[in-house]
>>> print(open('start.cif').read())   # mmCIF, C-alpha atoms and all ligand atoms
data_structure
#
loop_
_atom_site.label_atom_id
_atom_site.label_comp_id
_atom_site.auth_asym_id
_atom_site.auth_seq_id
_atom_site.Cartn_x
_atom_site.Cartn_y
_atom_site.Cartn_z
CA MET A 1 51.53 91.84 162.71
CA SER A 2 53.66 93.18 165.47
CA VAL A 3 57.14 94.46 164.84
CA GLU A 4 60.01 92.67 166.53
CA TRP A 5 61.70 95.69 168.01
CA GLY A 6 65.34 94.65 168.09
CA ASP A 7 68.61 96.56 168.31
CA GLN A 8 68.62 97.20 164.58
CA TYR A 9 66.03 99.87 165.31
CA SER A 10 68.29 101.89 167.59
CA VAL A 11 68.97 105.36 166.21
CA GLY A 12 71.85 106.00 168.59
CA HIS A 13 69.98 108.57 170.69
CA GLU A 14 68.46 107.11 173.81
CA PRO A 15 65.47 109.39 174.37
CA PHE A 16 64.40 108.86 170.76
CA ASP A 17 64.82 105.10 171.09
CA GLU A 18 62.54 105.27 174.12
CA HIS A 19 59.93 107.27 172.21
CA HIS A 20 59.99 104.74 169.41
CA LYS A 21 59.55 101.87 171.84
CA SER A 22 56.60 103.59 173.51
CA MET A 23 54.96 104.21 170.14
CA VAL A 24 55.38 100.57 169.19
CA ARG A 25 53.97 99.52 172.55
CA ILE A 26 50.82 101.55 171.92
CA ILE A 27 50.46 100.05 168.44
CA ASP A 28 50.82 96.54 169.93
CA GLN A 29 48.03 97.35 172.39
CA MET A 30 45.91 98.58 169.51
CA THR A 31 46.55 95.32 167.68
CA GLU A 32 45.30 93.38 170.68
CA LEU A 33 42.20 95.54 170.86
CA ALA A 34 41.54 95.06 167.16
CA GLN A 35 41.86 91.29 167.55
CA LYS A 36 39.45 91.23 170.48
CA GLY A 37 36.96 93.40 168.68
CA ASP A 38 34.87 95.89 170.47
CA ASP A 39 36.47 98.12 173.07
CA HIS A 40 35.71 101.36 171.29
CA ALA A 41 36.68 103.62 174.18
CA GLY A 42 39.96 101.80 174.77
CA TRP A 43 40.80 101.97 171.08
CA VAL A 44 40.13 105.70 170.84
CA ALA A 45 42.16 106.32 174.00
CA ARG A 46 45.15 104.51 172.42
CA ILE A 47 44.86 106.57 169.25
CA ASP A 48 44.81 109.77 171.29
CA GLU A 49 47.82 108.61 173.22
CA LEU A 50 49.65 107.80 170.01
CA ILE A 51 48.84 111.21 168.54
CA THR A 52 50.12 113.01 171.63
CA LEU A 53 53.29 110.98 171.73
CA SER A 54 53.89 111.34 167.99
CA ILE A 55 53.61 115.10 168.17
CA LYS A 56 56.04 115.21 171.08
CA HIS A 57 58.48 112.85 169.42
CA PHE A 58 58.38 114.44 165.98
CA THR A 59 58.82 117.92 167.42
CA GLU A 60 61.83 116.91 169.50
CA GLU A 61 63.40 114.83 166.77
CA GLU A 62 63.02 117.59 164.19
CA ALA A 63 64.40 120.21 166.58
CA GLU A 64 67.44 118.08 167.30
CA LEU A 65 68.05 117.39 163.61
CA GLU A 66 67.70 121.07 162.81
CA ARG A 67 70.14 121.98 165.58
CA ARG A 68 72.65 119.62 164.01
CA GLY A 69 72.12 121.01 160.54
CA TYR A 70 70.74 117.77 159.13
CA ALA A 71 70.57 117.99 155.33
CA GLU A 72 67.47 115.82 154.80
CA LEU A 73 65.32 117.52 157.42
CA ILE A 74 62.55 118.73 155.12
CA ASP A 75 61.94 115.33 153.56
CA HIS A 76 62.03 113.77 156.97
CA GLN A 77 59.44 116.27 158.21
CA ASP A 78 57.20 115.37 155.28
CA GLU A 79 57.01 111.77 156.46
CA HIS A 80 56.18 112.88 160.00
CA ARG A 81 53.48 115.28 158.91
CA ASN A 82 51.98 112.75 156.64
CA LEU A 83 51.69 110.20 159.42
CA LEU A 84 50.21 112.79 161.72
CA ASN A 85 47.57 113.62 159.14
CA GLU A 86 46.77 109.93 158.75
CA LEU A 87 46.42 109.59 162.51
CA LEU A 88 44.14 112.60 162.74
CA GLU A 89 42.03 111.26 159.93
CA ILE A 90 41.83 107.85 161.60
CA ARG A 91 40.85 109.56 164.85
CA GLY A 92 38.10 111.39 163.00
CA ARG A 93 36.65 108.12 161.77
CA TYR A 94 36.21 106.95 165.36
CA SER A 95 34.68 110.09 166.84
CA GLU A 96 31.35 108.31 166.59
CA LYS A 97 30.68 104.83 167.83
CA GLY A 98 30.06 103.20 164.46
CA SER A 99 33.41 101.91 163.25
CA LYS A 100 35.18 98.90 164.73
CA PRO A 101 38.89 98.76 165.59
CA SER A 102 40.72 97.59 162.50
CA LEU A 103 43.74 95.41 161.88
CA GLU A 104 44.36 97.18 158.59
CA ILE A 105 45.04 100.31 160.63
CA THR A 106 47.34 98.65 163.15
CA GLU A 107 49.23 96.88 160.36
CA PHE A 108 49.67 100.19 158.58
CA LEU A 109 51.00 101.81 161.74
CA ALA A 110 53.33 98.92 162.61
CA ASN A 111 54.71 98.92 159.09
CA TRP A 112 55.12 102.70 159.14
CA MET A 113 57.17 102.47 162.32
CA ALA A 114 59.33 99.67 160.94
CA VAL A 115 60.11 101.53 157.73
CA HIS A 116 60.34 105.04 159.14
CA VAL A 117 62.51 104.17 162.13
CA GLY A 118 64.38 101.32 160.43
CA GLU A 119 65.17 103.26 157.24
CA THR A 120 64.34 106.98 157.45
CA ASP A 121 65.43 107.65 161.04
CA ALA A 122 68.37 105.32 160.44
CA ARG A 123 69.73 107.85 157.96
CA TYR A 124 70.43 110.35 160.74
CA ARG A 125 72.17 107.79 162.94
CA PRO A 126 75.68 108.99 161.95
CA LEU A 127 74.92 112.36 163.60
CA PHE A 128 74.86 110.66 166.98
CA LYS A 129 77.93 108.46 166.52
CA LYS A 130 80.26 109.07 169.40
CA MET B 1 68.32 137.92 159.91
CA ASN B 2 67.22 140.10 157.05
CA ASP B 3 65.62 138.27 154.15
CA SER B 4 67.60 140.23 151.59
CA TYR B 5 70.70 138.70 153.07
CA PHE B 6 69.70 135.63 151.07
CA GLY B 7 68.91 137.57 147.92
CA ILE B 8 65.46 137.95 146.38
CA SER B 9 62.68 137.42 148.89
CA ILE B 10 59.24 135.95 148.39
CA ASN B 11 56.11 137.24 150.09
CA ASP B 12 53.10 135.18 151.14
CA LYS B 13 51.03 136.22 148.17
CA GLU B 14 53.74 135.23 145.72
CA PHE B 15 54.21 131.92 147.49
CA GLU B 16 50.46 131.28 147.21
CA ARG B 17 50.54 131.85 143.46
CA PHE B 18 53.46 129.50 142.97
CA ARG B 19 51.84 126.98 145.21
CA ASP B 20 48.65 127.06 143.10
CA LEU B 21 50.58 126.77 139.87
CA ILE B 22 52.65 123.83 141.08
CA TYR B 23 49.56 122.10 142.40
CA ARG B 24 47.72 122.56 139.11
CA GLU B 25 50.58 121.27 137.04
CA SER B 26 51.99 118.44 139.15
CA GLY B 27 49.53 117.64 141.92
CA ILE B 28 52.22 118.49 144.46
CA LYS B 29 50.81 120.34 147.46
CA LEU B 30 53.58 122.44 148.94
CA ARG B 31 53.27 122.85 152.66
CA ASP B 32 54.24 126.10 154.33
CA ASN B 33 57.57 124.59 155.30
CA LYS B 34 58.55 124.70 151.63
CA LYS B 35 58.50 128.48 151.33
CA ASP B 36 62.13 128.83 152.29
CA LEU B 37 63.11 125.99 150.04
CA LEU B 38 61.34 127.55 147.07
CA ARG B 39 63.04 130.87 147.76
CA GLN B 40 66.49 129.34 148.11
CA ARG B 41 66.25 127.05 145.15
CA LEU B 42 64.87 129.63 142.73
CA ASN B 43 67.02 132.60 143.66
CA LYS B 44 69.84 131.67 141.36
CA ARG B 45 67.50 130.83 138.55
CA ILE B 46 65.70 134.18 138.82
CA ARG B 47 68.91 136.14 138.87
CA SER B 48 70.39 134.23 135.96
CA LEU B 49 67.32 135.19 133.96
CA GLY B 50 68.00 138.82 134.83
CA LEU B 51 64.73 139.11 136.76
CA MET B 52 64.22 141.03 139.99
CA SER B 53 61.38 139.38 141.86
CA PHE B 54 59.27 136.27 142.26
CA SER B 55 56.35 138.06 140.63
CA GLU B 56 58.41 138.70 137.53
CA TYR B 57 59.50 135.10 137.55
CA TYR B 58 55.90 133.94 137.81
CA LYS B 59 55.06 135.94 134.72
CA HIS B 60 58.04 134.44 132.93
CA VAL B 61 56.93 130.87 133.75
CA ASP B 62 53.36 131.65 132.80
CA GLU B 63 54.28 133.10 129.43
CA ASP B 64 56.71 130.39 128.43
CA ARG B 65 54.84 128.44 125.80
CA SER B 66 57.44 125.70 125.61
CA ARG B 67 56.73 124.93 129.29
CA ALA B 68 60.44 124.42 129.77
CA GLU B 69 60.48 126.94 132.60
CA LEU B 70 57.66 125.12 134.31
CA THR B 71 59.78 121.99 134.28
CA GLU B 72 62.62 123.96 135.86
CA LEU B 73 60.24 125.14 138.53
CA ILE B 74 58.90 121.68 139.32
CA ASP B 75 62.44 120.30 139.34
CA ALA B 76 63.37 122.92 141.89
CA VAL B 77 60.64 122.08 144.38
CA SER B 78 60.19 118.34 144.07
CA THR B 79 61.66 116.01 146.62
CA ASN B 80 63.87 113.32 145.16
CA VAL B 81 65.24 111.46 148.15
CA THR B 82 65.47 107.76 147.41
CA SER B 83 67.82 104.82 147.83
CA PHE B 84 68.54 101.32 146.56
CA PHE B 85 66.20 98.71 148.01
CA ARG B 86 64.24 101.28 149.98
CA GLU B 87 61.39 99.51 151.76
CA MET B 88 63.02 96.13 151.36
CA LYS B 89 59.76 94.35 152.02
CA HIS B 90 58.52 95.20 148.53
CA PHE B 91 61.49 93.52 146.87
CA GLU B 92 61.00 90.43 149.00
CA PHE B 93 57.36 90.49 148.01
CA LEU B 94 58.39 90.60 144.37
CA THR B 95 60.42 87.41 144.62
CA LYS B 96 58.24 85.54 147.07
CA THR B 97 54.80 86.38 145.73
CA ALA B 98 54.41 88.73 142.79
CA LEU B 99 56.73 86.91 140.39
CA PRO B 100 55.56 83.35 141.11
CA GLN B 101 51.93 84.52 140.86
CA THR B 102 52.59 86.29 137.59
CA PHE B 103 54.32 83.24 136.09
CA GLN B 104 51.41 81.12 137.09
CA ARG B 105 48.92 83.57 135.64
CA LYS B 106 50.81 83.90 132.35
CA LYS B 107 51.89 80.32 132.02
CA ASN B 108 50.37 80.17 128.56
CA GLY B 109 52.08 83.39 127.52
CA PRO B 110 52.79 86.07 126.63
CA PHE B 111 56.11 85.48 128.41
CA GLU B 112 56.56 89.10 129.32
CA LEU B 113 56.94 90.73 132.69
CA ARG B 114 55.71 94.29 132.71
CA LEU B 115 56.80 96.42 135.62
CA TRP B 116 56.54 100.16 136.17
CA SER B 117 58.35 102.40 138.59
CA ALA B 118 55.97 105.34 138.45
CA ALA B 119 57.99 108.02 140.26
CA CYS B 120 61.46 106.71 139.76
CA SER B 121 63.51 109.74 140.85
CA THR B 122 67.23 109.15 140.24
CA GLY B 123 66.76 105.50 139.31
CA GLU B 124 67.54 103.59 142.49
CA GLU B 125 64.04 102.14 142.60
CA PRO B 126 63.77 100.73 139.04
CA TYR B 127 67.35 99.45 139.19
CA SER B 128 66.58 97.70 142.47
CA MET B 129 63.59 96.09 140.75
CA LEU B 130 65.85 95.02 137.90
CA PHE B 131 68.48 93.53 140.22
CA THR B 132 65.75 91.64 142.04
CA LEU B 133 64.55 90.11 138.78
CA LEU B 134 68.03 89.29 137.54
CA GLU B 135 69.08 87.82 140.87
CA HIS B 136 66.34 85.26 140.39
CA GLU B 137 67.38 84.17 136.97
CA GLU B 138 66.17 80.68 137.65
CA LEU B 139 62.71 82.27 137.63
CA THR B 140 63.03 85.00 135.08
CA SER B 141 65.47 83.78 132.43
CA LYS B 142 62.92 82.77 129.87
CA TRP B 143 60.86 85.88 130.44
CA ASN B 144 61.10 89.07 128.53
CA ILE B 145 61.51 91.90 131.04
CA LYS B 146 59.77 95.18 130.24
CA LEU B 147 60.68 97.68 132.91
CA LEU B 148 59.34 101.21 132.57
CA ALA B 149 60.52 104.03 134.82
CA THR B 150 58.96 107.49 134.75
CA ASP B 151 59.18 110.78 136.58
CA ILE B 152 57.99 114.35 136.16
CA SER B 153 61.43 115.82 136.80
CA THR B 154 63.73 115.86 133.81
CA LYS B 155 66.68 116.52 136.05
CA VAL B 156 66.32 113.30 138.00
CA LEU B 157 65.53 111.34 134.83
CA GLN B 158 68.80 112.44 133.33
CA ARG B 159 70.65 111.25 136.38
CA ALA B 160 68.72 107.99 136.39
CA MET B 161 69.67 107.32 132.78
CA LYS B 162 73.32 107.95 133.54
CA GLY B 163 73.15 105.47 136.39
CA ALA B 164 76.10 106.97 138.25
CA TYR B 165 76.04 106.92 142.05
CA PRO B 166 78.64 108.30 144.47
CA ILE B 167 80.64 105.51 146.04
CA THR B 168 80.23 107.14 149.43
CA LYS B 169 76.46 106.68 149.25
CA MET B 170 76.48 102.99 148.45
CA ASP B 171 77.43 101.56 151.86
CA GLY B 172 74.27 99.50 152.09
CA MET B 173 74.73 97.68 148.78
CA PRO B 174 75.91 94.07 148.94
CA SER B 175 79.34 93.80 147.33
CA GLU B 176 78.25 90.99 144.98
CA LEU B 177 75.66 93.28 143.46
CA LEU B 178 78.16 96.11 143.11
CA ARG B 179 80.60 93.81 141.35
CA LYS B 180 78.05 92.33 139.06
CA TYR B 181 76.13 95.40 137.94
CA PHE B 182 78.50 98.36 138.27
CA VAL B 183 81.88 99.59 137.14
CA THR B 184 83.89 102.15 139.07
CA GLU B 185 84.50 105.48 137.37
CA GLY B 186 86.23 108.08 139.50
CA ASP B 187 84.11 108.66 142.61
CA ASN B 188 81.13 106.84 141.21
CA TYR B 189 79.74 103.41 140.72
CA VAL B 190 78.27 103.43 137.24
CA LEU B 191 75.75 100.91 136.02
CA LYS B 192 77.03 98.70 133.23
CA ASP B 193 75.48 99.65 129.88
CA LYS B 194 73.89 96.29 129.42
CA PHE B 195 71.81 96.75 132.58
CA ARG B 196 71.20 100.44 132.13
CA ASN B 197 69.59 99.65 128.80
CA MET B 198 67.17 97.23 130.36
CA VAL B 199 65.20 100.07 131.95
CA ASN B 200 63.10 102.36 129.77
CA PHE B 201 63.10 105.85 131.21
CA ARG B 202 60.37 108.27 130.17
CA TRP B 203 59.06 111.63 131.27
CA PHE B 204 55.56 111.22 132.63
CA ASN B 205 53.23 113.30 134.75
CA LEU B 206 51.09 111.14 137.02
CA ILE B 207 48.26 113.65 137.06
CA ASN B 208 47.73 113.20 133.33
CA ASN B 209 44.11 112.32 132.78
CA ARG B 210 45.00 109.62 130.36
CA PHE B 211 47.49 106.83 130.87
CA PRO B 212 48.71 106.00 127.36
CA PHE B 213 49.89 102.41 127.99
CA LYS B 214 48.92 99.76 125.49
CA HIS B 215 49.61 96.79 127.72
CA LYS B 216 48.62 96.11 131.29
CA PHE B 217 51.24 96.01 134.04
CA ASP B 218 51.96 93.06 136.29
CA VAL B 219 53.53 95.22 138.98
CA ILE B 220 53.44 98.95 139.64
CA PHE B 221 55.60 100.67 142.22
CA CYS B 222 54.39 104.15 143.12
CA ARG B 223 56.15 105.02 146.31
CA ASN B 224 56.67 108.16 148.30
CA VAL B 225 55.07 110.52 145.86
CA MET B 226 51.40 110.34 146.85
CA ILE B 227 52.33 111.88 150.18
CA TYR B 228 52.70 115.14 148.25
CA PHE B 229 49.24 114.86 146.71
CA ASP B 230 45.92 115.69 148.30
CA LYS B 231 43.18 113.14 148.72
CA PRO B 232 41.22 113.72 145.50
CA THR B 233 44.46 113.52 143.49
CA ARG B 234 45.48 110.30 145.24
CA GLU B 235 42.10 108.77 144.70
CA GLU B 236 42.09 109.54 141.00
CA LEU B 237 45.62 108.23 140.64
CA VAL B 238 44.78 104.94 142.32
CA HIS B 239 41.86 104.52 139.92
CA LYS B 240 44.19 105.06 136.98
CA PHE B 241 46.68 102.54 138.38
CA SER B 242 43.91 100.05 138.88
CA ALA B 243 42.87 100.45 135.24
CA ALA B 244 46.49 100.03 134.12
CA LEU B 245 47.02 96.78 136.07
CA ALA B 246 46.38 93.31 134.71
CA PRO B 247 43.90 91.35 136.84
CA GLY B 248 46.11 89.75 139.48
CA GLY B 249 48.67 92.55 139.15
CA TYR B 250 50.11 94.33 142.18
CA LEU B 251 50.43 97.93 143.32
CA CYS B 252 53.09 98.81 145.90
CA ILE B 253 52.83 102.21 147.57
CA GLY B 254 55.05 104.01 150.09
CA HIS B 255 54.90 103.26 153.80
CA SER B 256 53.24 106.61 154.60
CA GLU B 257 50.50 106.21 152.04
CA SER B 258 47.61 104.19 153.42
CA LEU B 259 44.65 103.69 151.09
CA ALA B 260 42.45 102.74 154.02
CA ASN B 261 40.36 105.86 153.73
CA THR B 262 40.48 106.15 149.96
CA SER B 263 37.85 104.60 147.74
CA HIS B 264 39.36 102.06 145.35
CA ASP B 265 38.65 98.64 143.88
CA LEU B 266 41.93 96.94 144.82
CA ARG B 267 42.27 94.09 147.26
CA TYR B 268 44.34 94.74 150.35
CA ILE B 269 47.16 92.18 150.70
CA GLN B 270 49.29 93.66 153.44
CA PRO B 271 50.32 97.19 154.43
CA THR B 272 51.24 99.15 151.27
CA ILE B 273 50.57 96.20 148.92
CA TYR B 274 47.39 95.86 146.89
CA CYS B 275 46.19 93.47 144.21
CA LYS B 276 43.90 94.11 141.26
CA PRO B 277 41.05 91.59 141.48
C1 LIG A 301 60.63 111.09 147.05
S1 LIG A 301 60.79 110.65 145.35
C2 LIG A 301 60.38 108.93 145.42
C3 LIG A 301 61.36 108.05 144.68
C4 LIG A 301 61.11 106.55 144.80
N1 LIG A 301 59.82 106.17 144.28
C5 LIG A 301 61.25 106.10 146.23
O1 LIG A 301 60.26 105.73 146.86
O2 LIG A 301 62.36 106.10 146.77
C6 LIG A 301 59.37 111.43 144.61
C7 LIG A 301 59.45 111.58 143.09
O3 LIG A 301 58.16 111.85 142.57
C8 LIG A 301 58.28 112.69 141.45
N2 LIG A 301 56.99 113.34 141.18
C9 LIG A 301 56.38 114.33 141.86
N3 LIG A 301 55.22 114.67 141.29
C10 LIG A 301 55.07 113.87 140.20
C11 LIG A 301 54.07 113.76 139.18
N4 LIG A 301 52.98 114.54 139.17
N5 LIG A 301 54.28 112.83 138.21
C12 LIG A 301 55.38 112.04 138.21
N6 LIG A 301 56.34 112.10 139.14
C13 LIG A 301 56.20 113.01 140.12
C14 LIG A 301 59.38 113.65 141.88
O4 LIG A 301 60.00 114.27 140.78
C15 LIG A 301 60.34 112.72 142.65
O5 LIG A 301 61.36 112.23 141.83
FE FE A 302 61.61 110.48 162.25
FE FE A 303 61.70 108.95 165.05
#
>>> encode(input="start.cif", output="structure tokens")
Amino acid sequence: MSVEWGDQYSVGHEPFDEHHKSMVRIIDQMTELAQKGDDHAGWVARIDELITLSIKHFTEEEAELERRGYAELIDHQDEHRNLLNELLEIRGRYSEKGSKPSLEITEFLANWMAVHVGETDARYRPLFKK
Amino acid sequence: MNDSYFGISINDKEFERFRDLIYRESGIKLRDNKKDLLRQRLNKRIRSLGLMSFSEYYKHVDEDRSRAELTELIDAVSTNVTSFFREMKHFEFLTKTALPQTFQRKKNGPFELRLWSAACSTGEEPYSMLFTLLEHEELTSKWNIKLLATDISTKVLQRAMKGAYPITKMDGMPSELLRKYFVTEGDNYVLKDKFRNMVNFRWFNLINNRFPFKHKFDVIFCRNVMIYFDKPTREELVHKFSAALAPGGYLCIGHSESLANTSHDLRYIQPTIYCKP
């Protein structure tokens, strides 16, 4: 399942839109890897990339929301931290060669992006209305 | 800025003690980022009780046999953000899959649909479930709808039972639904009594060891609350849900709450949706 990343996902802040697109691109690559099966190293590299990018994106998004006095910041942070923990746990499962790339993981991530960006991030969109 | 500027301050040790207490009683694991929130939200409460510090307040909570103060405390720290038709996919899943499957499974009766919104907050979730059922009357008209909605916070339950929502926060709601299910009162849309009464609201703590339900559920929504629980608590909860579901019943969890690394006996359907075998 890959997310159709249309305009409805724009949060009205271009750098953040770009981050979101890059995250979705990595998840799409992971989906391909999971369908093909066995490129363990490639799969782990994508996860690492996604973790790095998530940390960067979440930090910048939270800082910007805080700067603008966004009322729902704490709840928003909770969703970010929770995903980060999931990602770190997933990463842990692949530190040895045993486990295979999994579509259940990529589906989870794709769905998380669709709901978080499409609904949770969408709630801050009015802050960036010109 | 000086802490005392905000009133009574809380030190790390006091925060730890509250954190432990809240975890024991509700399963909620407060992260460090909640320290400020706890301080802000409880300041007024502490002062209105005539107390001087968080330590004194801890003692007060601890000694309150009625546990009413504990409820106040949990109310103050729990996160209640929610909205109508949040995670739309679940409501589509209800109409497209869960309901038809349930009808098929119960075609010889009993003609009852049992649904549970297990952390219902201010009511948007169970009411969205209700609207979904009623909007498909062609499917549900001859079925008896039993919709249970529970939460640990008495404050949100009260608001849920009132069913009053600020007009300004209802932009996303289709106007047909607003017309059909709500009346306008001042600045609020208020649920019509007839529909309000179709949801049974109850106080319930999900970390209770025993789930006291006589009948099995066809659908359970437990969304955006497990993210505040640690892994052992989540795992136990999923076991209890599994036991409370009818075979063929569905569990919908929040988008952040993968069960991929949790041991459970449910069948994975799609992200955040599981079926009891
Ligand atoms: C963020 S809201 C989720 C509301 C709704 N399910 C949704 O997804 O929009 C979390 C709710 O879980 C409740 N909660 C927290 N701990 C609980 C527990 N141990 N038992 C029952 N409810 C709990 C809180 O009071 C709060 O109303
Ligand atoms: Fe975000
Ligand atoms: Fe974001």
>>> interface_residues(input="start.cif", of="chain B", to="chain A", cutoff="9 Å", atoms="only C-alpha atoms", output="short mmCIF file (atom, residue, chain, number, x, y, z; two decimals) with C-alpha atoms, keeping the file's coordinate frame")
data_model
loop_
_atom_site.label_atom_id
_atom_site.label_comp_id
_atom_site.auth_asym_id
_atom_site.auth_seq_id
_atom_site.Cartn_x
_atom_site.Cartn_y
_atom_site.Cartn_z
CA ARG B 31 53.27 122.85 152.66
CA ASN B 33 57.57 124.59 155.30
CA LYS B 34 58.55 124.70 151.63
CA LEU B 37 63.11 125.99 150.04
CA THR B 79 61.66 116.01 146.62
CA ASN B 80 63.87 113.32 145.16
CA VAL B 81 65.24 111.46 148.15
CA ARG B 86 64.24 101.28 149.98
CA GLU B 87 61.39 99.51 151.76
CA MET B 88 63.02 96.13 151.36
CA ASN B 224 56.67 108.16 148.30
CA ILE B 227 52.33 111.88 150.18
CA TYR B 228 52.70 115.14 148.25
CA HIS B 255 54.90 103.26 153.80
CA SER B 256 53.24 106.61 154.60
CA GLU B 257 50.50 106.21 152.04
CA SER B 258 47.61 104.19 153.42
CA ALA B 260 42.45 102.74 154.02
CA ASN B 261 40.36 105.86 153.73
CA TYR B 268 44.34 94.74 150.35
CA GLN B 270 49.29 93.66 153.44
CA PRO B 271 50.32 97.19 154.43
CA THR B 272 51.24 99.15 151.27
#
>>> closest_residue(input="start.cif", among="A:Asp28, A:Pro15, A:Lys100, A:His20", to="ligand FE 302 (chain A)", atoms="only C-alpha atoms and all ligand atoms")
A:His20
>>> closest_residue(input="start.cif", among="A:Ile55, A:Ile47, A:Leu87, A:Leu103", to="ligand FE 303 (chain A)", atoms="all atoms listed in the file")
A:Ile55
>>> closest_residue(input="start.cif", among="B:Tyr127, B:Tyr23, B:Phe182, B:Phe201", to="Leu157 in chain B", atoms="all atoms listed in the file")
B:Phe201
>>> residues_around(input="start.cif", residues="Val225 in chain B", least_positions_apart="4", cutoff="9 Å", atoms="all atoms listed in the file", output="VMD selection string")
chain B and resid 28 79 119 229 253 to 254 257
>>> atom_distance(input="start.cif", atom1="CA of Leu49 in chain B", atom2="CA of Arg24 in chain B")
23.9 Å
>>> residues_near_ligand(input="start.cif", ligand="ligand LIG 301 (chain A)", cutoff="6 Å", atoms="all atoms listed in the file", output="ChimeraX atom specification")
/B:26-28,78-83,119-121,125,151-153,204-207,222-225
>>> residues_around(input="start.cif", residues="Ile26 in chain A", least_positions_apart="3", cutoff="9 Å", atoms="all atoms listed in the file", output="PyMOL selection string")
chain A and resi 21-23+29-31+46-47+49-50
>>> residues_near_ligand(input="start.cif", ligand="ligand FE 303 (chain A)", cutoff="8 Å", atoms="all atoms listed in the file", output="CSV table (one decimal) with C-alpha atoms, in the frame of the given file")
chain,number,residue,atom,x,y,z
A,16,PHE,CA,64.4,108.9,170.8
A,17,ASP,CA,64.8,105.1,171.1
A,19,HIS,CA,59.9,107.3,172.2
A,20,HIS,CA,60.0,104.7,169.4
A,57,HIS,CA,58.5,112.8,169.4
A,58,PHE,CA,58.4,114.4,166.0
A,61,GLU,CA,63.4,114.8,166.8
A,116,HIS,CA,60.3,105.0,159.1
A,117,VAL,CA,62.5,104.2,162.1
A,121,ASP,CA,65.4,107.6,161.0
>>> residues_near_point(input="start.cif", point="(62.1, 102.6, 139.7)", cutoff="9 Å", atoms="only C-alpha atoms", output="ChimeraX atom specification")
/B:116-130,147-150,199,221-222
>>> residues_around(input="start.cif", residues="Ile46 in chain B", least_positions_apart="2", cutoff="12 Å", atoms="all atoms listed in the file", output="VMD selection string")
chain B and resid 7 to 10 38 to 44 48 to 61 69 72 to 73 76
>>> residues_around(input="start.cif", residues="range 92-101 of chain B", least_positions_apart="4", cutoff="10 Å", atoms="all atoms listed in the file", output="PDB file with C-alpha atoms, in the frame of the given file")
ATOM      1  CA  PHE B  85      66.200  98.710 148.010  1.00  0.00           C
ATOM      2  CA  GLU B  87      61.390  99.510 151.760  1.00  0.00           C
ATOM      3  CA  MET B  88      63.020  96.130 151.360  1.00  0.00           C
ATOM      4  CA  ARG B 105      48.920  83.570 135.640  1.00  0.00           C
ATOM      5  CA  LYS B 106      50.810  83.900 132.350  1.00  0.00           C
ATOM      6  CA  LYS B 107      51.890  80.320 132.020  1.00  0.00           C
ATOM      7  CA  LEU B 113      56.940  90.730 132.690  1.00  0.00           C
ATOM      8  CA  MET B 129      63.590  96.090 140.750  1.00  0.00           C
ATOM      9  CA  THR B 132      65.750  91.640 142.040  1.00  0.00           C
ATOM     10  CA  LEU B 133      64.550  90.110 138.780  1.00  0.00           C
ATOM     11  CA  GLU B 135      69.080  87.820 140.870  1.00  0.00           C
ATOM     12  CA  HIS B 136      66.340  85.260 140.390  1.00  0.00           C
ATOM     13  CA  LEU B 139      62.710  82.270 137.630  1.00  0.00           C
ATOM     14  CA  THR B 140      63.030  85.000 135.080  1.00  0.00           C
ATOM     15  CA  ASP B 218      51.960  93.060 136.290  1.00  0.00           C
ATOM     16  CA  VAL B 219      53.530  95.220 138.980  1.00  0.00           C
ATOM     17  CA  GLY B 248      46.110  89.750 139.480  1.00  0.00           C
ATOM     18  CA  GLY B 249      48.670  92.550 139.150  1.00  0.00           C
ATOM     19  CA  TYR B 250      50.110  94.330 142.180  1.00  0.00           C
ATOM     20  CA  CYS B 252      53.090  98.810 145.900  1.00  0.00           C
ATOM     21  CA  ILE B 273      50.570  96.200 148.920  1.00  0.00           C
ATOM     22  CA  CYS B 275      46.190  93.470 144.210  1.00  0.00           C
TER      23      CYS B 275
END
>>> atom_distance(input="start.cif", atom1="CA of His13 in chain A", atom2="CA of Phe128 in chain A")
6.5 Å
>>> closest_residue(input="start.cif", among="A:Ile27, A:Ala41, A:Leu73, A:Ile51", to="ligand FE 302 (chain A)", atoms="all atoms listed in the file")
A:Leu73
>>> closest_residue(input="start.cif", among="A:Arg67, A:Arg91, A:Lys97, A:Lys56", to="ligand FE 302 (chain A)", atoms="only C-alpha atoms and all ligand atoms")
A:Lys56
>>> atom_distance(input="start.cif", atom1="CA of Asp39 in chain A", atom2="CA of Arg25 in chain A")
17.6 Å
>>> residues_around(input="start.cif", residues="Leu266 in chain B", least_positions_apart="2", cutoff="8 Å", atoms="all atoms listed in the file", output="list in words")
Ser242, His264, Tyr268, Tyr274, Cys275, Lys276 and Pro277 of chain B
>>> closest_residue(input="start.cif", among="A:Ala122, A:Leu53, A:Val44, A:Leu33", to="ligand FE 302 (chain A)", atoms="all atoms listed in the file")
A:Ala122
